[in-house]
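Asker: File follows, structure.tsv with TSV, C-alpha atoms and all ligand atoms:
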chain	number	residue	atom	x	y	z
A	57	MET	CA	98.59	-120.84	-30.91
A	58	ILE	CA	97.06	-122.60	-33.92
A	59	LEU	CA	95.87	-120.06	-36.48
A	60	GLN	CA	93.30	-120.69	-39.20
A	61	LYS	CA	94.04	-118.74	-42.36
A	62	GLU	CA	91.15	-117.84	-44.62
A	63	LEU	CA	93.29	-116.33	-47.36
A	64	GLU	CA	96.82	-117.21	-48.49
A	65	LYS	CA	97.89	-113.56	-48.67
A	66	CYS	CA	96.93	-110.85	-46.23
A	67	PRO	CA	94.08	-109.01	-48.02
A	68	ILE	CA	95.26	-105.60	-46.82
A	69	GLY	CA	98.86	-106.10	-47.95
A	70	LEU	CA	100.76	-106.73	-44.72
A	71	THR	CA	103.69	-109.14	-44.73
A	72	ASP	CA	102.94	-112.70	-43.58
A	73	GLU	CA	104.91	-112.14	-40.36
A	74	ALA	CA	103.21	-108.83	-39.60
A	75	ALA	CA	99.71	-110.25	-40.14
A	76	GLU	CA	100.44	-113.42	-38.18
A	77	GLU	CA	101.95	-111.64	-35.18
A	78	ALA	CA	99.08	-109.15	-35.08
A	79	VAL	CA	96.51	-111.97	-35.24
A	80	LYS	CA	98.21	-113.83	-32.40
A	81	ALA	CA	98.15	-110.74	-30.19
A	82	LEU	CA	94.53	-110.00	-31.10
A	83	LEU	CA	93.39	-113.58	-30.43
A	84	SER	CA	95.19	-113.65	-27.13
A	85	LEU	CA	93.41	-110.44	-26.12
A	86	LEU	CA	90.12	-111.83	-27.41
A	87	SER	CA	90.56	-114.98	-25.33
A	88	MET	CA	91.27	-113.09	-22.12
A	89	SER	CA	88.55	-110.52	-22.73
A	90	TYR	CA	85.98	-113.24	-23.36
A	91	LEU	CA	86.86	-115.10	-20.20
A	92	LEU	CA	86.87	-111.85	-18.24
A	93	ALA	CA	83.44	-110.89	-19.62
A	94	VAL	CA	82.04	-114.25	-18.52
A	95	LYS	CA	83.64	-113.98	-15.07
A	96	THR	CA	82.52	-110.37	-14.59
A	97	GLN	CA	78.94	-111.16	-15.55
A	98	ASN	CA	78.94	-114.20	-13.30
A	99	TYR	CA	80.06	-112.02	-10.38
A	100	HIS	CA	77.34	-109.50	-11.30
A	101	TRP	CA	74.85	-112.31	-10.74
A	102	ASN	CA	76.41	-113.89	-7.67
A	103	VAL	CA	77.80	-111.01	-5.62
A	104	THR	CA	76.44	-110.79	-2.06
A	105	GLY	CA	76.93	-108.62	1.02
A	106	ALA	CA	76.50	-105.06	2.21
A	107	HIS	CA	77.89	-103.62	-1.07
A	108	PHE	CA	75.69	-105.74	-3.28
A	109	HIS	CA	74.14	-102.92	-5.26
A	110	PRO	CA	77.20	-100.83	-6.24
A	111	LEU	CA	79.18	-103.98	-7.09
A	112	HIS	CA	76.28	-105.50	-9.05
A	113	ALA	CA	76.18	-102.24	-11.06
A	114	LEU	CA	79.97	-101.91	-11.45
A	115	PHE	CA	80.33	-105.46	-12.74
A	116	GLU	CA	77.49	-104.88	-15.20
A	117	GLU	CA	79.17	-101.73	-16.50
A	118	GLN	CA	82.43	-103.62	-17.06
A	119	TYR	CA	81.06	-106.68	-18.86
A	120	ASN	CA	78.86	-104.45	-21.01
A	121	GLU	CA	82.03	-102.71	-22.22
A	122	LEU	CA	83.89	-105.98	-22.81
A	123	THR	CA	81.42	-107.68	-25.15
A	124	PRO	CA	81.49	-105.08	-27.97
A	125	ALA	CA	85.27	-104.72	-27.50
A	126	VAL	CA	85.70	-108.45	-28.17
A	127	ASP	CA	83.63	-107.98	-31.33
A	128	GLU	CA	85.96	-105.24	-32.65
A	129	VAL	CA	89.03	-107.38	-31.96
A	130	ALA	CA	87.50	-110.41	-33.71
A	131	GLU	CA	86.56	-108.31	-36.73
A	132	ARG	CA	90.15	-107.03	-37.02
A	133	VAL	CA	91.32	-110.66	-37.18
A	134	ARG	CA	88.92	-111.21	-40.09
A	135	GLN	CA	90.23	-108.09	-41.85
A	136	LEU	CA	93.73	-109.59	-41.66
A	137	GLY	CA	92.57	-112.73	-43.50
A	138	TYR	CA	92.22	-115.20	-40.62
A	139	PHE	CA	89.27	-117.00	-39.05
A	140	VAL	CA	88.24	-116.37	-35.44
A	141	PRO	CA	88.11	-119.49	-33.24
A	142	GLY	CA	84.79	-119.83	-31.40
A	143	THR	CA	85.39	-122.38	-28.66
A	144	THR	CA	85.86	-121.65	-24.97
A	145	GLN	CA	88.56	-124.33	-25.10
A	146	PHE	CA	90.57	-122.06	-27.41
A	147	TYR	CA	90.01	-119.08	-25.12
A	148	GLN	CA	91.10	-121.01	-22.03
A	149	HIS	CA	94.16	-122.32	-23.81
A	150	ASN	CA	95.26	-118.89	-25.03
A	151	ALA	CA	94.62	-116.73	-21.98
A	152	VAL	CA	97.09	-116.05	-19.19
A	153	THR	CA	94.09	-115.56	-16.90
A	154	GLU	CA	92.12	-118.47	-15.44
A	155	GLU	CA	88.55	-119.49	-14.75
A	156	GLN	CA	87.47	-120.51	-11.22
A	157	ASN	CA	84.50	-122.70	-10.50
A	158	ASP	CA	83.37	-121.30	-7.16
A	159	PHE	CA	81.39	-118.49	-5.53
A	160	PRO	CA	83.80	-116.22	-3.65
A	161	ASP	CA	82.81	-113.34	-1.38
A	162	ALA	CA	82.65	-109.79	-2.73
A	163	THR	CA	86.23	-108.91	-1.68
A	164	GLU	CA	87.66	-111.94	-3.43
A	165	MET	CA	85.60	-111.17	-6.54
A	166	LEU	CA	87.11	-107.68	-6.64
A	167	ARG	CA	90.64	-109.07	-6.12
A	168	ARG	CA	90.25	-111.59	-8.93
A	169	LEU	CA	88.78	-109.11	-11.39
A	170	LEU	CA	91.53	-106.65	-10.50
A	171	ALA	CA	94.18	-109.32	-11.09
A	172	ASP	CA	92.66	-110.33	-14.44
A	173	ASN	CA	92.37	-106.75	-15.67
A	174	MET	CA	95.98	-106.06	-14.69
A	175	ALA	CA	97.17	-109.31	-16.30
A	176	ILE	CA	95.56	-108.22	-19.57
A	177	ALA	CA	96.98	-104.69	-19.34
A	178	ASN	CA	100.46	-106.03	-18.54
A	179	GLN	CA	100.44	-108.51	-21.40
A	180	LEU	CA	99.31	-105.86	-23.88
A	181	ARG	CA	101.93	-103.42	-22.65
A	182	ARG	CA	104.60	-106.04	-23.37
A	183	VAL	CA	103.20	-107.08	-26.75
A	184	VAL	CA	102.58	-103.70	-28.39
A	185	PRO	CA	106.24	-102.53	-28.50
A	186	GLU	CA	107.25	-105.98	-29.82
A	187	LEU	CA	104.73	-105.66	-32.64
A	188	GLU	CA	105.85	-102.12	-33.40
A	189	LYS	CA	109.45	-103.34	-33.61
A	190	ILE	CA	108.67	-105.74	-36.47
A	191	GLY	CA	106.75	-103.01	-38.27
A	192	VAL	CA	103.37	-104.57	-37.74
A	193	ASP	CA	99.88	-103.33	-38.50
A	194	GLN	CA	99.36	-99.94	-36.85
A	195	VAL	CA	95.59	-100.37	-36.57
A	196	SER	CA	96.01	-103.51	-34.47
A	197	CYS	CA	98.65	-101.80	-32.32
A	198	ASP	CA	96.32	-98.86	-31.71
A	199	MET	CA	93.48	-101.23	-30.85
A	200	LEU	CA	95.65	-103.14	-28.38
A	201	SER	CA	96.94	-99.90	-26.81
A	202	ASP	CA	93.40	-98.58	-26.39
A	203	ARG	CA	92.54	-101.75	-24.48
A	204	VAL	CA	95.42	-101.13	-22.06
A	205	ALA	CA	93.73	-97.88	-21.04
A	206	VAL	CA	90.36	-99.60	-20.53
A	207	HIS	CA	91.81	-102.38	-18.37
A	208	GLU	CA	93.83	-99.91	-16.31
A	209	LYS	CA	90.68	-97.87	-15.70
A	210	ASN	CA	88.73	-101.02	-14.75
A	211	ALA	CA	91.57	-101.95	-12.39
A	212	TRP	CA	91.46	-98.53	-10.73
A	213	MET	CA	87.71	-98.82	-10.11
A	214	LEU	CA	88.01	-102.34	-8.73
A	215	ARG	CA	90.99	-101.38	-6.55
A	216	SER	CA	89.11	-98.36	-5.18
A	217	HIS	CA	86.35	-100.64	-3.91
A	218	LEU	CA	88.97	-102.64	-2.03
A	219	ALA	CA	90.32	-99.58	-0.15
A	220	HIS	CA	89.51	-99.32	3.56
B	1	FE	FE	71.84	-108.22	-14.97
If you convert what's in this file into structure tokens, what do you get?
Answerer:
Amino acid sequence: MILQKELEKCPIGLTDEAAEEAVKALLSLLSMSYLLAVKTQNYHWNVTGAHFHPLHALFEEQYNELTPAVDEVAERVRQLGYFVPGTTQFYQHNAVTEEQNDFPDATEMLRRLLADNMAIANQLRRVVPELEKIGVDQVSCDMLSDRVAVHEKNAWMLRSHLAH
């Protein structure tokens, strides 16, 4: 990941390694959250079938939570003395999740959103203990951990709609 430093030294006094590793984790989360927000809103628009209304509403609830969350993550990157990349190319390059250019049925939409939410939760669960090991920024760690809970809750709701 190519990082753009604004300031030579971390303005809140973290070591270079601590700030850099936190920024990488935050920008990776930001990338995946942004792509997931776009996908979730797109499915809100394009969902069809007998469960149109509850799914239309569920997807709206989830993307409405993601957008301000992305903002908090981006602002933490700025507090650490780095710039926040603003291209979808960067987001695509730095997300483990993928975009799809098609219009799947409601079940496939739920499966994909479930997979993306779990991919984010799993990545964060791996990253947070690694950051804590190198004595990194506690605020970023807390922020990343809080997002695990949100994505696990999203996953539960999506999974529940898939139950027969
Ligand atoms: Fe809408």
Asker: Hey, can you check how far CA of Pro67 in chain A sits from CA of Gln179 in chain A?
Answerer: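 Computed distance, CA of Pro67 in chain A to CA of Gln179 in chain A, equals 27.4 Å.
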Asker: Looking at all atoms listed in the file, which of A:Trp101, A:Phe139, A:Tyr119, A:Tyr90 is the one that sits closest to Leu63 in chain A?
Answerer: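 Using all atoms listed in the file, Leu63 in chain A sits closest to A:Phe139.
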Asker: How would you report the residues lying within 12 Å of ligand FE 1 (chain B), as a ChimeraX atom specification, if you count all atoms listed in the file?
Answerer: /A:96-103,109,111-120
Asker: Would you mind telling me which residue in A:Leu214, A:Leu180, A:Ala74, A:Ala130 lies nearest to Ser201 in chain A when using only C-alpha atoms?
Answerer: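 Result for the nearest residue to Ser201 in chain A: A:Leu180.
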Asker: Wanna dump the range 76-127 of chain A-range 149-173 of chain A contacts at 7 Å for me, each residue with its shortest atom pair and the distance in Å to one decimal, counting all atoms listed in the file, ordered by chain and number, as a Markdown table?
Answerer:
| residue | atom | partner | partner_atom | distance |
| --- | --- | --- | --- | --- |
| A:Ser84 | CA | A:Asn150 | CA | 5.6 |
| A:Ser87 | CA | A:Ala151 | CA | 5.5 |
| A:Met88 | CA | A:Ala151 | CA | 4.9 |
| A:Tyr99 | CA | A:Met165 | CA | 6.8 |
| A:Val103 | CA | A:Ala162 | CA | 5.8 |
| A:Thr104 | CA | A:Ala162 | CA | 6.3 |
| A:Gly105 | CA | A:Ala162 | CA | 6.9 |
Asker: Tell me, in Å to one decimal, how far CA of Pro185 in chain A is from CA of Cys66 in chain A.
Answerer: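 It comes out at 21.7 Å.
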Asker: With distances taken over all atoms listed in the file, which of A:Asp198, A:Glu208, A:Glu121, A:Asp193 is nearest to Val79 in chain A?
Answerer: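 Going through A:Asp198, A:Glu208, A:Glu121, A:Asp193 one by one, the smallest distance to Val79 in chain A is for A:Asp193.
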Asker: What's the separation between CA of Ala81 in chain A and CA of Arg215 in chain A, in Å to one decimal place?
Answerer: 26.4 Å
Asker: Cys197 in chain A: which residues within 9 Å, counting all atoms listed in the file, same-chain residues fewer than 2 positions away excluded, as a PyMOL selection string?
Answerer: chain A and resi 78+183-185+187-188+192-195+199-202
Asker: Would you kindly return, as a count of residues only, each protein, DNA or RNA residue with an atom no farther than 7 Å from any atom of range 126-129 of chain A, considering all atoms listed in the file and excluding same-chain residues fewer than 4 positions away?
Answerer: 6
Asker: Taking all atoms listed in the file into account, name the residue in A:Met174, A:Met213, A:Leu92, A:Leu136 that is nearest to Ala75 in chain A.
Answerer: A:Leu136
Asker: Using all atoms listed in the file, pick whichever of A:Ile190, A:Val140, A:Ala106, A:Ala175 has the shortest atom-to-atom distance to Asp72 in chain A.
Answerer: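 With all atoms listed in the file as the atom set, the closest residue is A:Ile190.
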Asker: Nearest to His217 in chain A: which of A:Thr123, A:Ala93, A:Phe108, A:Ser196 is it, counting only C-alpha atoms?
Answerer: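 Closest candidate: A:Phe108.
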